Each structure stands twice: as structure tokens, then as C-alpha cells.
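Remarks on the structure that follows.
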Amino acid sequence: MISCFFEDIESFEVSLELYTQKISYIIDNEGFTKENIVIVFCSDSFLLDLNKKHLNHDYFTDIITFSYTTLDRISGDLFISVDRVKENALKEGVFFERELERVIYHGVLHLCGYNDKTPEEIKEMRSKENYYLN
């Protein structure tokens with residue numbers, strides 16, 4: 001089950017059916033079973049507060065992923081800053097929707113056990129994001 005919410009921003013149209021299909025494909029392809037994923041679209045300030053409160057990080061980010069995955073069952077919350085996604089899209093010269101899709105896949109890959117702390121992990125994460133985007 002995948003659901004989405006809006007926190008501290010105006011809601012916008014989200015193709016939940018499309019994201020559900022694509023997220024399910026990623027999870028299946030990575031060898032897991034989808035259980036429950038909540039996507040929360042929010043503002044920079046809302047995500048910054050979460051980042052400070054739960055991770056002791058005092059900086060803006062595009063996504064924070066909270067994983068509740070057990071064994072092979074994927075479950076978690078993806079908090080996505082729409083402000084950051086818009087800014088990243090402008091920087092990268094891509095449409096907002098494409099960057100949003102990349103960030104969602106990034107969060108799902110975190111739920112599947114991928115990290116992005118080291119240069120090697122970042123390279124693998126980017127490779128996986130690009131694979132699923134294409």
C-alpha cells in the first residue's frame with residue numbers, strides 16, 4: 001500500500017497509481033515485498049525541523065527516509081521537500097516531475113538497503129536511480 005500526504009505546502013496532483021506501479025517494480029526487482037509506504041510532500045522548513053530533531057543535522061535536504069523494513073518486507077516513510085526538488089530540477093535542467101520521480105526512487109532504494117554516505121555508495125545509488133528512471 002502506498003499513500004501520500006501534504007504537510008506545510010499546498011497540495012498538488014500526484015499520479016499515485018503510476019508511482020505505485022513503478023515503486024512496486026523497484027521493490028520486486030530488488031527482491032523484496034511491498035508492505036506500506038507513506039510519501040509526505042512538505043516544505044523546506046518542515047523537513048529541516050525533522051532533520052534537526054531526528055538526525056541532528058542542521059541543513060536542508062530533498063528527502064529523509066524512515067525505514068520500518070523487516071526481513072524482506074519494505075515499509076517506511078518518505079518525507080520529500082518540494083522546495084528542494086524544485087531547486088534541484090532547475091539546477092539539473094530537468095522537469096520538476098522527473099526530479100520528483102528520482103527523489104522518490106532514491107527513498108525507495110534506501111528502504112531496499114542502499115546507502116549514499118561514501119563515494120562508492122553514492123555512485124551505486126545514482127546508477128540505480130538512473131536505471132529505474134529509464
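Ligands are numbered from 1 in the order shown, residues from 1 within each chain, and chains are lettered A, B, ... in the order they appear in the C-alpha cells.
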- Contacts of Arg98 (chain A) at 8 Å or less, counting only C-alpha atoms, minus same-chain residues fewer than 4 places along, as a count of residues only? 3
- Surrounding residues of region 37-44 of chain A excluding itself and chain neighbours under 3 positions, 9 Å, only C-alpha atoms, as a ChimeraX atom specification: /A:1-11,34,47-49,60-62,74-84,104,108
Just N, CA, C and O atoms for this one: save the residues we selected as a compact mmCIF listing (two decimals), in the first residue's frame.
```txt
# COMPACT_ATOMS: atom_id res chain seq x y z
N MET A 1 0.84 -1.18 0.00
CA MET A 1 0.00 0.00 0.00
C MET A 1 0.89 1.25 0.00
O MET A 1 1.85 1.33 0.75
N ILE A 2 0.57 2.18 -0.86
CA ILE A 2 1.28 3.45 -0.93
C ILE A 2 0.27 4.57 -0.77
O ILE A 2 -0.77 4.58 -1.42
N SER A 3 0.58 5.50 0.12
CA SER A 3 -0.29 6.65 0.31
C SER A 3 0.56 7.91 0.37
O SER A 3 1.76 7.85 0.64
N CYS A 4 -0.06 9.05 0.09
CA CYS A 4 0.70 10.29 0.17
C CYS A 4 -0.11 11.38 0.87
O CYS A 4 -1.34 11.36 0.86
N PHE A 5 0.66 12.29 1.47
CA PHE A 5 0.10 13.39 2.24
C PHE A 5 0.88 14.65 1.94
O PHE A 5 2.00 14.59 1.40
N PHE A 6 0.34 15.78 2.32
CA PHE A 6 0.99 17.08 2.14
C PHE A 6 1.08 17.75 3.50
O PHE A 6 0.11 17.78 4.24
N GLU A 7 2.26 18.27 3.82
CA GLU A 7 2.50 18.89 5.11
C GLU A 7 3.16 20.24 4.88
O GLU A 7 4.23 20.31 4.27
N ASP A 8 2.51 21.31 5.32
CA ASP A 8 3.08 22.65 5.28
C ASP A 8 3.27 23.17 3.85
O ASP A 8 4.11 24.04 3.61
N ILE A 9 2.53 22.63 2.88
CA ILE A 9 2.55 23.11 1.50
C ILE A 9 1.16 22.94 0.89
O ILE A 9 0.34 22.19 1.44
N GLU A 10 0.94 23.60 -0.22
CA GLU A 10 -0.29 23.41 -0.97
C GLU A 10 -0.24 22.04 -1.64
O GLU A 10 0.81 21.64 -2.16
N SER A 11 -1.34 21.34 -1.65
CA SER A 11 -1.35 20.03 -2.32
C SER A 11 -1.29 20.23 -3.82
O SER A 11 -1.62 21.30 -4.34
N LYS A 34 6.48 -5.40 -1.09
CA LYS A 34 5.97 -4.10 -0.64
C LYS A 34 4.93 -4.31 0.44
O LYS A 34 4.02 -5.10 0.30
N LEU A 47 10.90 19.92 6.63
CA LEU A 47 11.90 18.86 6.55
C LEU A 47 13.16 19.21 7.35
O LEU A 47 13.77 18.34 7.96
N LEU A 48 13.51 20.49 7.38
CA LEU A 48 14.65 20.93 8.19
C LEU A 48 14.39 20.62 9.66
O LEU A 48 15.28 20.14 10.37
N ASP A 49 13.18 20.88 10.13
CA ASP A 49 12.84 20.57 11.52
C ASP A 49 12.98 19.07 11.81
O ASP A 49 13.51 18.68 12.85
N PHE A 60 19.36 21.79 4.89
CA PHE A 60 18.26 21.40 4.02
C PHE A 60 18.63 20.14 3.26
O PHE A 60 19.80 19.90 2.95
N THR A 61 17.63 19.34 2.95
CA THR A 61 17.82 18.13 2.15
C THR A 61 16.55 17.90 1.33
O THR A 61 15.50 18.48 1.65
N ASP A 62 16.66 17.09 0.30
CA ASP A 62 15.47 16.85 -0.52
C ASP A 62 14.60 15.73 0.01
O ASP A 62 13.40 15.70 -0.23
N ILE A 74 9.17 -4.40 2.69
CA ILE A 74 9.52 -2.98 2.63
C ILE A 74 8.40 -2.14 3.22
O ILE A 74 7.24 -2.23 2.82
N SER A 75 8.78 -1.29 4.18
CA SER A 75 7.84 -0.40 4.83
C SER A 75 8.61 0.84 5.28
O SER A 75 9.73 0.73 5.77
N GLY A 76 8.01 2.02 5.08
CA GLY A 76 8.70 3.23 5.53
C GLY A 76 7.98 4.49 5.14
O GLY A 76 6.96 4.47 4.43
N ASP A 77 8.53 5.60 5.61
CA ASP A 77 8.01 6.93 5.33
C ASP A 77 9.06 7.72 4.55
O ASP A 77 10.23 7.74 4.94
N LEU A 78 8.63 8.35 3.47
CA LEU A 78 9.49 9.21 2.68
C LEU A 78 9.00 10.64 2.84
O LEU A 78 7.88 10.96 2.45
N PHE A 79 9.81 11.50 3.45
CA PHE A 79 9.48 12.92 3.59
C PHE A 79 10.27 13.67 2.53
O PHE A 79 11.50 13.63 2.53
N ILE A 80 9.57 14.34 1.63
CA ILE A 80 10.20 14.97 0.47
C ILE A 80 9.93 16.48 0.47
O ILE A 80 8.77 16.90 0.50
N SER A 81 11.01 17.26 0.45
CA SER A 81 10.88 18.71 0.36
C SER A 81 10.61 19.10 -1.09
O SER A 81 11.49 18.97 -1.95
N VAL A 82 9.44 19.60 -1.35
CA VAL A 82 9.07 20.05 -2.69
C VAL A 82 9.93 21.26 -3.08
O VAL A 82 10.34 21.39 -4.24
N ASP A 83 10.27 22.11 -2.10
CA ASP A 83 11.14 23.26 -2.37
C ASP A 83 12.50 22.80 -2.91
O ASP A 83 13.01 23.34 -3.89
N ARG A 84 13.10 21.80 -2.27
CA ARG A 84 14.41 21.27 -2.70
C ARG A 84 14.30 20.62 -4.07
O ARG A 84 15.19 20.77 -4.91
N ILE A 104 11.86 10.17 -5.25
CA ILE A 104 11.03 9.08 -4.73
C ILE A 104 11.77 7.75 -4.86
O ILE A 104 11.83 6.96 -3.91
N VAL A 108 12.98 4.99 -2.01
CA VAL A 108 12.63 3.57 -2.08
C VAL A 108 13.90 2.72 -2.06
O VAL A 108 13.94 1.68 -1.39
```
- Looking at only C-alpha atoms, which of A:Leu111, A:Ser15, A:His54, A:His106 is the one that sits closest to Met125 (chain A)? A:His106
- Task: Find the spatial neighbours of Glu129 (chain A), counting only C-alpha atoms, within a cut-off of 10 Å - ignore same-chain residues fewer than 2 positions away - and output them as a list in words.
- Result: Ile26, Glu101, Arg102, Val103, Ile104, Tyr105, His106, Gly107, Val108, Leu109, Lys123, Glu124, Met125, Arg126, Ser127, Tyr131, Tyr132, Leu133 and Asn134 of chain A
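For the residues A:Ile27, A:His110, A:Glu121, A:Lys91, ranking by smallest atom-to-atom distance to Ile63 (chain A) using only C-alpha atoms places A:His110 first.
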- Task: Going by DSSP on the backbone, which bits of chain A are strand (DSSP E or B)? Write them as an MDAnalysis selection string, please.
- Result: chainID A and resid 2:7 33:42 63:67 70 73:81
- Item | Members of region 15-102 of chain A assigned helix (DSSP H, G or I) by DSSP, as number ranges by chain | A: 16-29, 44-55, 82-92, 96-102
- With distances taken over only C-alpha atoms, the candidate from A:Leu100, A:Cys112, A:Leu50, A:Leu90 nearest Tyr68 (chain A) is A:Cys112
- Message: With distances taken over only C-alpha atoms, which residue among A:Tyr19, A:Asp28, A:Glu13, A:Thr33 lies nearest Asp72 (chain A)?
- Response: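 Smallest separation from Asp72 (chain A) among the options: A:Thr33.
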